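> Input run_17.txt, format and content: compact mmCIF, C-alpha atoms.
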```txt
# COMPACT_ATOMS: atom_id res chain seq x y z
CA MET A 346 108.24 128.61 101.70
CA ARG A 347 107.54 130.99 98.76
CA THR A 348 104.71 133.38 98.04
CA HIS A 349 102.65 130.69 96.34
CA ASP A 350 102.71 128.48 99.48
CA ALA A 351 99.55 128.60 101.60
CA GLN A 352 101.50 129.10 104.84
CA MET A 353 103.51 131.99 103.42
CA LEU A 354 100.38 133.63 102.08
CA VAL A 355 98.70 133.37 105.48
CA LEU A 356 101.73 134.85 107.25
CA SER A 357 101.81 137.72 104.76
CA ALA A 358 98.07 138.32 105.21
CA LEU A 359 98.55 138.64 108.96
CA ALA A 360 101.46 141.08 108.72
CA ASP A 361 99.27 144.14 109.37
CA GLY A 362 97.38 142.68 112.32
CA PRO A 363 95.01 139.95 113.54
CA LEU A 364 92.35 138.59 111.17
CA HIS A 365 89.79 135.81 111.23
CA GLY A 366 89.50 133.15 108.54
CA TYR A 367 87.31 135.01 106.02
CA ALA A 368 89.37 138.19 106.29
CA ILE A 369 92.60 136.20 105.95
CA ASN A 370 91.35 134.73 102.69
CA ALA A 371 90.33 138.16 101.40
CA ALA A 372 93.87 139.41 102.10
CA VAL A 373 95.35 136.30 100.45
CA GLU A 374 93.24 136.97 97.36
CA LYS A 375 94.60 140.52 97.17
CA LEU A 376 98.17 139.21 97.41
CA SER A 377 97.92 136.26 95.04
CA GLY A 378 94.84 136.81 92.93
CA GLU A 379 93.19 133.63 94.23
CA ARG A 380 91.54 132.48 97.44
CA LEU A 381 92.66 129.40 99.31
CA GLY A 382 90.21 126.52 99.60
CA PRO A 383 88.84 125.94 103.12
CA GLY A 384 91.04 122.87 103.54
CA SER A 385 94.16 124.71 102.44
CA LEU A 386 93.42 127.75 104.60
CA TYR A 387 92.64 125.96 107.84
CA GLY A 388 95.32 123.35 107.23
CA ALA A 389 97.88 126.14 106.85
CA LEU A 390 96.61 127.83 110.02
CA ALA A 391 96.88 124.57 111.96
CA ARG A 392 100.44 123.96 110.79
CA LEU A 393 101.48 127.52 111.53
CA GLU A 394 99.95 127.29 115.01
CA ALA A 395 101.80 124.01 115.64
CA LYS A 396 105.05 125.75 114.67
CA GLU A 397 104.18 128.63 117.04
CA LEU A 398 104.22 131.10 114.16
CA VAL A 399 100.60 132.20 114.76
CA GLU A 400 98.32 132.15 117.78
CA PRO A 401 94.56 132.44 118.20
CA LEU A 402 92.94 135.28 120.09
CA PRO A 403 89.69 134.94 122.05
CA GLY A 404 86.74 134.35 119.74
CA ALA A 405 84.00 131.94 118.80
CA GLY A 406 84.68 128.89 116.61
CA ARG A 407 86.39 129.45 113.31
CA GLN A 408 85.70 133.16 113.45
CA ARG A 409 88.32 133.61 116.14
CA PRO A 410 91.01 136.08 115.07
CA VAL A 411 94.58 134.90 114.58
CA ARG A 412 97.75 136.94 114.90
CA LEU A 413 101.43 136.51 114.19
CA THR A 414 103.69 135.59 117.08
CA ASP A 415 107.11 137.17 117.40
CA LYS A 416 108.51 133.94 116.01
CA GLY A 417 106.08 134.14 113.09
CA ARG A 418 106.97 137.75 112.29
CA ALA A 419 110.66 136.85 112.33
CA ALA A 420 109.97 133.95 109.96
CA LEU A 421 108.04 136.23 107.63
CA GLU A 422 110.83 138.82 107.63
CA ARG A 423 113.41 136.13 106.83
CA GLU A 424 111.29 134.94 103.93
CA LEU A 425 110.81 138.46 102.59
CA ARG A 426 114.56 139.05 102.76
CA SER A 427 115.09 135.81 100.88
CA LEU A 428 112.60 136.90 98.22
CA ALA A 429 114.38 140.24 97.90
CA GLU A 430 117.68 138.43 97.36
CA VAL A 431 116.08 136.27 94.67
CA THR A 432 114.71 139.39 92.99
CA GLU A 433 118.05 141.19 93.12
CA ARG A 434 119.85 138.17 91.64
CA MET A 435 117.28 137.83 88.87
CA PHE A 436 116.79 141.45 87.83
CA GLU A 437 119.40 143.93 86.61
CA ALA A 438 119.82 147.04 88.72
CA ALA A 439 122.27 148.98 86.54
CA VAL A 440 121.35 150.64 83.27
CA PRO A 441 123.12 148.77 80.43
CA ASP A 442 125.24 150.72 77.97
CA ARG A 443 123.39 151.64 74.79
CA ILE A 444 125.44 149.51 72.41
CA GLY A 445 125.27 146.46 74.65
CA TYR A 446 121.53 146.90 75.01
CA LEU A 447 120.97 147.21 71.25
CA ASP A 448 123.11 144.15 70.54
CA ARG A 449 121.25 142.19 73.23
CA LEU A 450 117.86 143.23 71.87
CA ALA A 451 118.79 142.34 68.28
CA GLY A 452 119.56 138.79 69.38
CA THR A 453 116.12 138.13 70.87
CA ALA A 454 113.35 136.19 69.14
CA ALA A 455 111.06 139.21 69.54
CA ALA A 456 113.48 141.49 67.65
CA ARG A 457 114.15 138.95 64.92
CA SER A 458 110.40 138.69 64.35
CA TYR A 459 109.64 142.36 63.87
CA LYS A 460 112.90 143.05 61.99
CA GLN A 461 111.89 140.44 59.40
CA VAL A 462 108.54 142.19 58.99
CA MET A 463 110.41 145.46 58.47
CA ARG A 464 112.80 143.95 55.90
CA ASP A 465 109.90 142.51 53.92
CA ALA A 466 108.02 145.82 54.01
CA LEU A 467 111.09 147.85 53.00
CA ALA A 468 111.61 145.77 49.85
CA ALA A 469 115.08 147.17 49.20
CA ARG A 470 116.36 146.06 45.79
CA PRO A 471 119.66 145.95 43.90
CA GLY A 472 120.79 149.45 42.99
CA HIS A 473 118.74 151.21 45.64
CA THR A 474 120.11 153.83 47.99
CA ALA A 475 118.92 152.81 51.45
CA LEU A 476 119.06 155.03 54.55
CA ASP A 477 119.11 153.70 58.13
CA LEU A 478 118.06 156.58 60.41
CA GLY A 479 119.55 155.95 63.83
CA CYS A 480 121.66 153.00 62.75
CA GLY A 481 123.25 152.54 66.19
CA PRO A 482 126.22 150.15 66.16
CA GLY A 483 125.31 148.95 62.68
CA THR A 484 123.01 146.11 63.63
CA ASP A 485 121.05 146.12 60.36
CA LEU A 486 123.50 147.64 57.90
CA ALA A 487 124.87 144.35 56.59
CA ALA A 488 121.38 143.05 55.79
CA LEU A 489 120.61 146.29 53.94
CA ALA A 490 123.89 146.02 52.01
CA GLU A 491 123.00 142.48 50.97
CA ALA A 492 119.59 143.64 49.72
CA VAL A 493 120.88 146.56 47.61
CA THR A 494 123.96 144.58 46.44
CA PRO A 495 127.27 146.27 45.52
CA SER A 496 125.39 148.22 42.84
CA GLY A 497 123.50 150.10 45.56
CA THR A 498 124.41 152.23 48.56
CA VAL A 499 123.60 152.03 52.26
CA ILE A 500 123.86 155.14 54.42
CA GLY A 501 123.78 154.81 58.19
CA VAL A 502 123.17 157.90 60.34
CA ASP A 503 123.48 158.23 64.11
CA THR A 504 124.20 160.99 66.65
CA ASP A 505 126.29 158.79 68.99
CA PRO A 506 130.01 158.92 68.10
CA GLU A 507 130.72 155.61 69.83
CA ALA A 508 127.91 153.88 67.94
CA VAL A 509 129.11 155.36 64.65
CA ASP A 510 132.65 154.12 65.30
CA ARG A 511 131.34 150.63 66.09
CA ALA A 512 129.14 150.61 62.98
CA ARG A 513 132.10 151.61 60.81
CA GLU A 514 134.19 148.81 62.31
CA ARG A 515 131.48 146.25 61.70
CA THR A 516 130.95 147.29 58.07
CA ALA A 517 134.58 147.97 57.14
CA ASP A 518 134.50 145.14 54.59
CA LEU A 519 131.29 146.40 52.95
CA PRO A 520 132.26 149.16 50.51
CA ALA A 521 128.62 149.98 49.75
CA VAL A 522 128.06 151.12 53.36
CA ASP A 523 128.67 154.72 54.41
CA VAL A 524 128.19 155.51 58.13
CA ARG A 525 127.87 159.16 59.11
CA LEU A 526 127.74 161.06 62.38
CA ALA A 527 124.65 163.20 61.81
CA ASP A 528 121.31 164.25 63.25
CA ALA A 529 118.13 162.78 61.78
CA HIS A 530 116.44 166.15 62.37
CA ALA A 531 118.80 167.74 59.78
CA LEU A 532 120.10 165.12 57.37
CA PRO A 533 123.28 165.90 55.37
CA LEU A 534 121.67 164.51 52.21
CA ALA A 535 120.34 166.07 49.02
CA ASP A 536 116.65 166.26 48.26
CA ALA A 537 115.19 163.18 46.53
CA SER A 538 118.43 161.20 46.82
CA VAL A 539 117.21 158.06 48.64
CA ASP A 540 115.01 155.14 47.53
CA ARG A 541 114.39 153.46 50.87
CA ALA A 542 114.64 154.58 54.50
CA ARG A 543 114.00 152.94 57.83
CA THR A 544 113.80 153.79 61.53
CA ASP A 545 113.94 151.01 64.09
CA ARG A 546 112.91 152.00 67.65
CA VAL A 547 114.47 155.43 67.09
CA LEU A 548 111.52 157.82 66.92
CA GLN A 549 110.51 156.90 70.47
CA HIS A 550 113.66 158.73 71.64
CA VAL A 551 114.06 161.75 69.33
CA ALA A 552 113.21 165.32 70.33
CA ASP A 553 110.86 165.97 67.39
CA PRO A 554 109.51 162.89 65.52
CA ALA A 555 107.52 165.07 63.10
CA ARG A 556 110.70 166.91 62.07
CA VAL A 557 112.53 163.63 61.48
CA LEU A 558 109.69 162.43 59.23
CA THR A 559 109.77 165.73 57.33
CA GLU A 560 113.48 165.23 56.70
CA ALA A 561 112.91 161.64 55.59
CA ARG A 562 110.22 162.87 53.18
CA ARG A 563 112.63 165.49 51.81
CA VAL A 564 115.43 163.05 50.99
CA LEU A 565 113.22 160.29 49.56
CA ARG A 566 112.54 160.16 45.84
CA PRO A 567 109.01 160.05 44.42
CA GLY A 568 107.76 156.52 44.96
CA GLY A 569 110.27 156.09 47.78
CA ARG A 570 109.41 154.26 50.97
CA LEU A 571 110.04 154.75 54.68
CA VAL A 572 109.46 151.81 57.03
CA MET A 573 109.21 152.52 60.75
CA GLY A 574 109.17 150.08 63.63
CA GLU A 575 108.19 151.70 66.91
CA PRO A 576 106.65 150.38 70.15
CA ASP A 577 103.56 151.65 71.91
CA TRP A 578 104.53 151.46 75.57
CA ASP A 579 100.95 151.97 76.70
CA SER A 580 100.38 148.46 75.35
CA LEU A 581 102.83 146.91 77.82
CA ALA A 582 100.83 144.31 79.76
CA ILE A 583 102.37 142.41 82.67
CA ASP A 584 100.38 139.78 84.52
CA HIS A 585 100.28 140.38 88.27
CA PRO A 586 97.79 139.48 91.03
CA GLU A 587 97.46 143.22 91.68
CA PRO A 588 96.72 144.64 88.22
CA GLU A 589 96.92 148.21 89.50
CA LEU A 590 100.65 147.71 90.11
CA SER A 591 101.23 146.56 86.53
CA ARG A 592 99.21 149.49 85.23
CA ALA A 593 101.25 151.91 87.35
CA TYR A 594 104.50 150.40 86.04
CA THR A 595 103.29 150.72 82.44
CA ARG A 596 102.13 154.32 82.96
CA HIS A 597 105.52 155.23 84.36
CA ILE A 598 107.33 153.70 81.37
CA ALA A 599 105.08 155.51 78.89
CA ASP A 600 105.04 158.81 80.82
CA ARG A 601 108.57 159.14 82.20
CA ILE A 602 111.07 156.59 80.85
CA VAL A 603 110.48 156.81 77.09
CA ARG A 604 110.39 160.30 75.60
CA ASN A 605 107.69 159.45 73.03
CA GLY A 606 106.03 156.56 74.81
CA VAL A 607 103.04 156.08 72.48
CA ILE A 608 104.79 156.86 69.19
CA GLY A 609 103.75 153.51 67.67
CA ARG A 610 100.10 154.49 67.38
CA GLN A 611 100.97 158.01 66.20
CA LEU A 612 103.05 157.02 63.18
CA PRO A 613 100.32 157.02 60.48
CA ARG A 614 99.12 160.49 61.56
CA LEU A 615 102.65 161.89 61.72
CA ALA A 616 103.49 160.36 58.34
CA ALA A 617 100.43 161.99 56.76
CA GLY A 618 101.47 165.32 58.28
CA ALA A 619 104.88 165.01 56.63
CA GLY A 620 103.38 164.38 53.18
CA PHE A 621 103.47 160.57 53.08
CA THR A 622 100.73 158.10 52.44
CA ALA A 623 100.62 155.23 54.95
CA PRO A 624 99.24 152.18 53.16
CA SER A 625 100.29 149.56 55.70
CA VAL A 626 100.27 149.18 59.49
CA VAL A 627 101.33 145.83 60.95
CA PRO A 628 101.17 145.24 64.72
CA VAL A 629 103.82 142.85 66.04
CA THR A 630 103.18 141.71 69.60
CA SER A 631 106.05 140.20 71.56
CA VAL A 632 105.08 137.80 74.33
CA PHE A 633 107.51 136.93 77.14
CA ARG A 634 107.11 133.88 79.38
CA ASP A 635 110.50 134.08 81.10
CA ALA A 636 110.97 136.89 83.62
CA ARG A 637 114.75 136.97 83.36
CA ALA A 638 114.67 137.26 79.57
CA ALA A 639 112.00 139.96 79.72
CA ASP A 640 114.00 141.88 82.30
CA ARG A 641 116.94 142.16 79.92
CA ILE A 642 114.68 144.26 77.71
CA LEU A 643 112.26 145.85 80.18
CA GLY A 644 114.52 146.52 83.20
CA PHE A 645 112.01 145.64 85.90
CA GLN A 646 113.99 146.48 89.02
CA ARG A 647 115.52 149.78 88.00
CA ASN A 648 112.27 151.01 86.46
CA ALA A 649 110.12 149.86 89.39
CA GLU A 650 112.45 151.76 91.72
CA ARG A 651 112.12 154.85 89.51
CA ALA A 652 108.34 154.46 89.45
CA ALA A 653 108.29 154.37 93.26
CA ALA A 654 110.52 157.44 93.47
CA ALA A 655 108.20 159.25 91.06
CA GLY A 656 105.12 158.36 93.13
CA TYR A 657 103.49 155.91 90.73
CA PHE A 658 103.39 153.37 93.56
CA SER A 659 104.98 152.98 97.00
CA GLU A 660 108.34 151.34 97.67
CA GLU A 661 106.52 148.49 99.41
CA ALA A 662 104.26 148.05 96.37
CA ALA A 663 107.31 148.05 94.10
CA ARG A 664 108.76 145.23 96.19
CA ARG A 665 105.52 143.24 95.93
CA PHE A 666 105.50 143.82 92.21
CA LEU A 667 109.07 142.57 91.77
CA ASP A 668 108.72 139.65 94.18
CA HIS A 669 105.84 138.19 92.22
CA LEU A 670 107.62 138.64 88.90
CA ALA A 671 110.66 136.85 90.32
CA THR A 672 108.82 133.90 91.83
CA GLY A 673 105.45 133.43 90.18
CA PRO A 674 104.39 132.26 86.71
CA PHE A 675 105.30 135.06 84.31
CA LEU A 676 103.68 136.63 81.26
CA ALA A 677 104.24 140.02 79.66
CA ALA A 678 103.49 141.43 76.21
CA VAL A 679 104.09 144.64 74.30
CA THR A 680 103.08 145.70 70.78
CA LEU A 681 105.34 147.33 68.21
CA TYR A 682 103.88 148.83 65.03
CA VAL A 683 105.58 148.45 61.66
CA VAL A 684 104.29 151.32 59.52
CA VAL A 685 104.99 151.81 55.82
CA ALA A 686 105.04 155.42 54.59
CA GLU A 687 105.36 156.21 50.87
CA VAL A 688 106.17 159.31 48.87
CA PRO A 689 103.50 159.89 46.22
CA GLY A 690 104.64 159.40 42.63
CA PRO A 691 106.06 156.62 40.46
CA GLU A 692 109.11 154.90 41.85
CA ALA A 693 112.37 155.56 40.04
CA LYS A 694 114.13 152.56 38.52
CA SER A 695 116.76 150.76 40.58
CA GLY A 696 120.15 152.38 40.40
CA SER A 697 118.83 155.78 39.36
```
Rewrite the structure of this file - the entire thing - as structure tokens.


Amino acid sequence: MRTHDAQMLVLSALADGPLHGYAINAAVEKLSGERLGPGSLYGALARLEAKELVEPLPGAGRQRPVRLTDKGRAALERELRSLAEVTERMFEAAVPDRIGYLDRLAGTAAARSYKQVMRDALAARPGHTALDLGCGPGTDLAALAEAVTPSGTVIGVDTDPEAVDRARERTADLPAVDVRLADAHALPLADASVDRARTDRVLQHVADPARVLTEARRVLRPGGRLVMGEPDWDSLAIDHPEPELSRAYTRHIADRIVRNGVIGRQLPRLAAGAGFTAPSVVPVTSVFRDARAADRILGFQRNAERAAAAGYFSEEAARRFLDHLATGPFLAAVTLYVVVAEVPGPEAKSGS
């Protein structure tokens, strides 16, 4: 049996004590989001009684209360252990290393979709100097180098020495690419020396997004363009029969896990504060139908455990949340905003 089976749902509904038919169905609805039909409910009760997993208590007709037997409680505990094992096999418990995570994310359909929107919006051309703020292991440097051609320059900046080393290795055969260990809050670049700049899921993590945008504005030439792709974690929606659990999980991600959890919606305002205009905002919503694939990005188990430890929901609620994600039909979605910010003034010619 699994949580979507009528018998399993009835056993789970009776875990806290005896109930009669109507109350059983109300508990089933809370667990699964749907009530059982009368035939399914009373058929399940009859089969469970025949297996000696439940027993009736004194009562009148179908309103008689039913309780778990010792055998039934043992069967329920075995099933819950089995569900926990399924969950643990499906979901990652350990935090992946940063480079591995970024490489994994870049290979997903969701990332390919929004990265293409960013490339189109950036419109890097031959001869441009393009800056990748928070370039990580160099995921997007080759594409930038192709856009600016050997007549242009690509500068990658990151604060992680390991990521910088990996980016240099990956772009060793691209002479137009220069990867630097530097802080986006204080760029080692001259004023008005860059034509195009980008940030890709970086501002959600920095200490001071406004300062980073001020630095980007400083180094961009008149007519230059910054393209930012940042998620709004408040938009994370995960289908679950108990919506309050999904909401608690999302609140924890936005409040505690990501430093700037709602940066996506803030980008136009922050850009204006740094002296940019923001002519374009494109929402890109990623939809996940496979729980295992979504987990590789969203980290359900480790973050649900953190949410429980932080008091966003109980440990038992975290288990219910994960069990459904592991066994039931799955859908989740989150929106990332691609925002174009421009420096006022005519754009300099390519190669200037």

> Which polymer residues have any atom within 9 Å of an atom of region 541-553 of chain A, counting all atoms listed in the file, with same-chain residues fewer than 5 positions away left out, as a ChimeraX atom specification?

/A:460,463,467-469,473-480,529-530,558,561,565-566,569-577,603-609,681

> Taking all atoms listed in the file into account, which of A:Glu514, A:Asp350, A:Asp361, A:Asp640 comes nearest Ile583 (chain A)?

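For Ile583 (chain A), the nearest of the given residues is A:Asp640.
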
> Would you compute the distance between CA of Thr494 (chain A) and CA of Glu692 (chain A)? Give it in Å to one decimal.

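So the two atoms, CA of Thr494 (chain A) and CA of Glu692 (chain A), lie 18.7 Å apart.
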
> Counting all atoms listed in the file, which residue out of A:Gly388, A:Gly472, A:Gly501, A:Pro506 sits closest to Asp540 (chain A)?

A:Gly472

> Please indicate the distance in Å from CA of Ile602 (chain A) to CA of Arg651 (chain A), rounded to one decimal place.

8.9 Å

> Neighbouring residues of Gly690 (chain A) were defined as those with any atom within 8 Å, considering all atoms listed in the file; residues of the same chain fewer than 2 positions away were excluded. Please report them as a list in words.

Pro567, Gly568, Val688 and Glu692 of chain A

> Just to confirm, what's the straight-line distance from CA of Lys396 (chain A) to CA of Thr414 (chain A) in Å (one decimal)?

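Atom-to-atom, CA of Lys396 (chain A) and CA of Thr414 (chain A) are spaced 10.2 Å apart.
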
> I'd like to know which of A:Ala662, A:Ala671, A:Ala617, A:Val627 is closest to Ala649 (chain A), using only C-alpha atoms.

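Of all the options, A:Ala662 lies closest to Ala649 (chain A).
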
> Output region 610-642 of chain A with N, CA and C atoms present, as a CSV table (one decimal), keeping the file's coordinate frame.


```csv
chain,number,residue,atom,x,y,z
A,610,ARG,N,101.4,154.2,67.9
A,610,ARG,CA,100.1,154.5,67.4
A,610,ARG,C,100.0,155.8,66.6
A,611,GLN,N,101.0,156.7,66.8
A,611,GLN,CA,101.0,158.0,66.2
A,611,GLN,C,101.6,158.0,64.8
A,612,LEU,N,102.3,157.0,64.4
A,612,LEU,CA,103.0,157.0,63.2
A,612,LEU,C,102.2,157.3,61.9
A,613,PRO,N,101.1,156.7,61.7
A,613,PRO,CA,100.3,157.0,60.5
A,613,PRO,C,99.9,158.5,60.4
A,614,ARG,N,99.5,159.1,61.5
A,614,ARG,CA,99.1,160.5,61.6
A,614,ARG,C,100.3,161.4,61.3
A,615,LEU,N,101.5,161.1,61.9
A,615,LEU,CA,102.6,161.9,61.7
A,615,LEU,C,103.2,161.8,60.3
A,616,ALA,N,103.1,160.6,59.7
A,616,ALA,CA,103.5,160.4,58.3
A,616,ALA,C,102.6,161.2,57.4
A,617,ALA,N,101.3,161.2,57.6
A,617,ALA,CA,100.4,162.0,56.8
A,617,ALA,C,100.8,163.5,56.9
A,618,GLY,N,101.1,163.9,58.1
A,618,GLY,CA,101.5,165.3,58.3
A,618,GLY,C,102.7,165.7,57.6
A,619,ALA,N,103.6,164.7,57.3
A,619,ALA,CA,104.9,165.0,56.6
A,619,ALA,C,104.8,164.8,55.1
A,620,GLY,N,103.6,164.5,54.6
A,620,GLY,CA,103.4,164.4,53.2
A,620,GLY,C,103.5,163.0,52.6
A,621,PHE,N,103.5,162.0,53.5
A,621,PHE,CA,103.5,160.6,53.1
A,621,PHE,C,102.0,160.1,53.0
A,622,THR,N,101.9,159.0,52.3
A,622,THR,CA,100.7,158.1,52.4
A,622,THR,C,101.2,157.0,53.3
A,623,ALA,N,100.3,156.3,54.0
A,623,ALA,CA,100.6,155.2,55.0
A,623,ALA,C,99.7,154.0,54.6
A,624,PRO,N,100.1,153.3,53.6
A,624,PRO,CA,99.2,152.2,53.2
A,624,PRO,C,99.2,150.9,54.0
A,625,SER,N,100.2,150.8,55.0
A,625,SER,CA,100.3,149.6,55.7
A,625,SER,C,100.7,149.8,57.1
A,626,VAL,N,99.9,149.2,58.1
A,626,VAL,CA,100.3,149.2,59.5
A,626,VAL,C,100.2,147.7,60.0
A,627,VAL,N,101.3,147.2,60.5
A,627,VAL,CA,101.3,145.8,61.0
A,627,VAL,C,101.7,145.8,62.4
A,628,PRO,N,100.8,145.4,63.3
A,628,PRO,CA,101.2,145.2,64.7
A,628,PRO,C,101.9,143.9,64.9
A,629,VAL,N,103.0,144.0,65.7
A,629,VAL,CA,103.8,142.8,66.0
A,629,VAL,C,103.9,142.8,67.6
A,630,THR,N,103.2,141.8,68.1
A,630,THR,CA,103.2,141.7,69.6
A,630,THR,C,104.2,140.7,70.1
A,631,SER,N,105.1,141.1,71.0
A,631,SER,CA,106.0,140.2,71.6
A,631,SER,C,105.5,139.7,72.9
A,632,VAL,N,105.6,138.4,73.1
A,632,VAL,CA,105.1,137.8,74.3
A,632,VAL,C,106.3,137.2,75.0
A,633,PHE,N,106.4,137.4,76.3
A,633,PHE,CA,107.5,136.9,77.1
A,633,PHE,C,106.9,136.0,78.2
A,634,ARG,N,107.5,134.8,78.3
A,634,ARG,CA,107.1,133.9,79.4
A,634,ARG,C,108.2,133.7,80.4
A,635,ASP,N,109.4,134.2,80.2
A,635,ASP,CA,110.5,134.1,81.1
A,635,ASP,C,110.8,135.5,81.7
A,636,ALA,N,110.8,135.6,83.0
A,636,ALA,CA,111.0,136.9,83.6
A,636,ALA,C,112.4,137.4,83.4
A,637,ARG,N,113.4,136.5,83.5
A,637,ARG,CA,114.8,137.0,83.4
A,637,ARG,C,115.0,137.5,82.0
A,638,ALA,N,114.5,136.8,80.9
A,638,ALA,CA,114.7,137.3,79.6
A,638,ALA,C,114.0,138.6,79.3
A,639,ALA,N,112.7,138.7,79.9
A,639,ALA,CA,112.0,140.0,79.7
A,639,ALA,C,112.7,141.1,80.4
A,640,ASP,N,113.3,140.8,81.6
A,640,ASP,CA,114.0,141.9,82.3
A,640,ASP,C,115.2,142.5,81.5
A,641,ARG,N,115.8,141.7,80.7
A,641,ARG,CA,116.9,142.2,79.9
A,641,ARG,C,116.5,143.2,78.9
A,642,ILE,N,115.2,143.3,78.6
A,642,ILE,CA,114.7,144.3,77.7
A,642,ILE,C,113.9,145.3,78.5
```
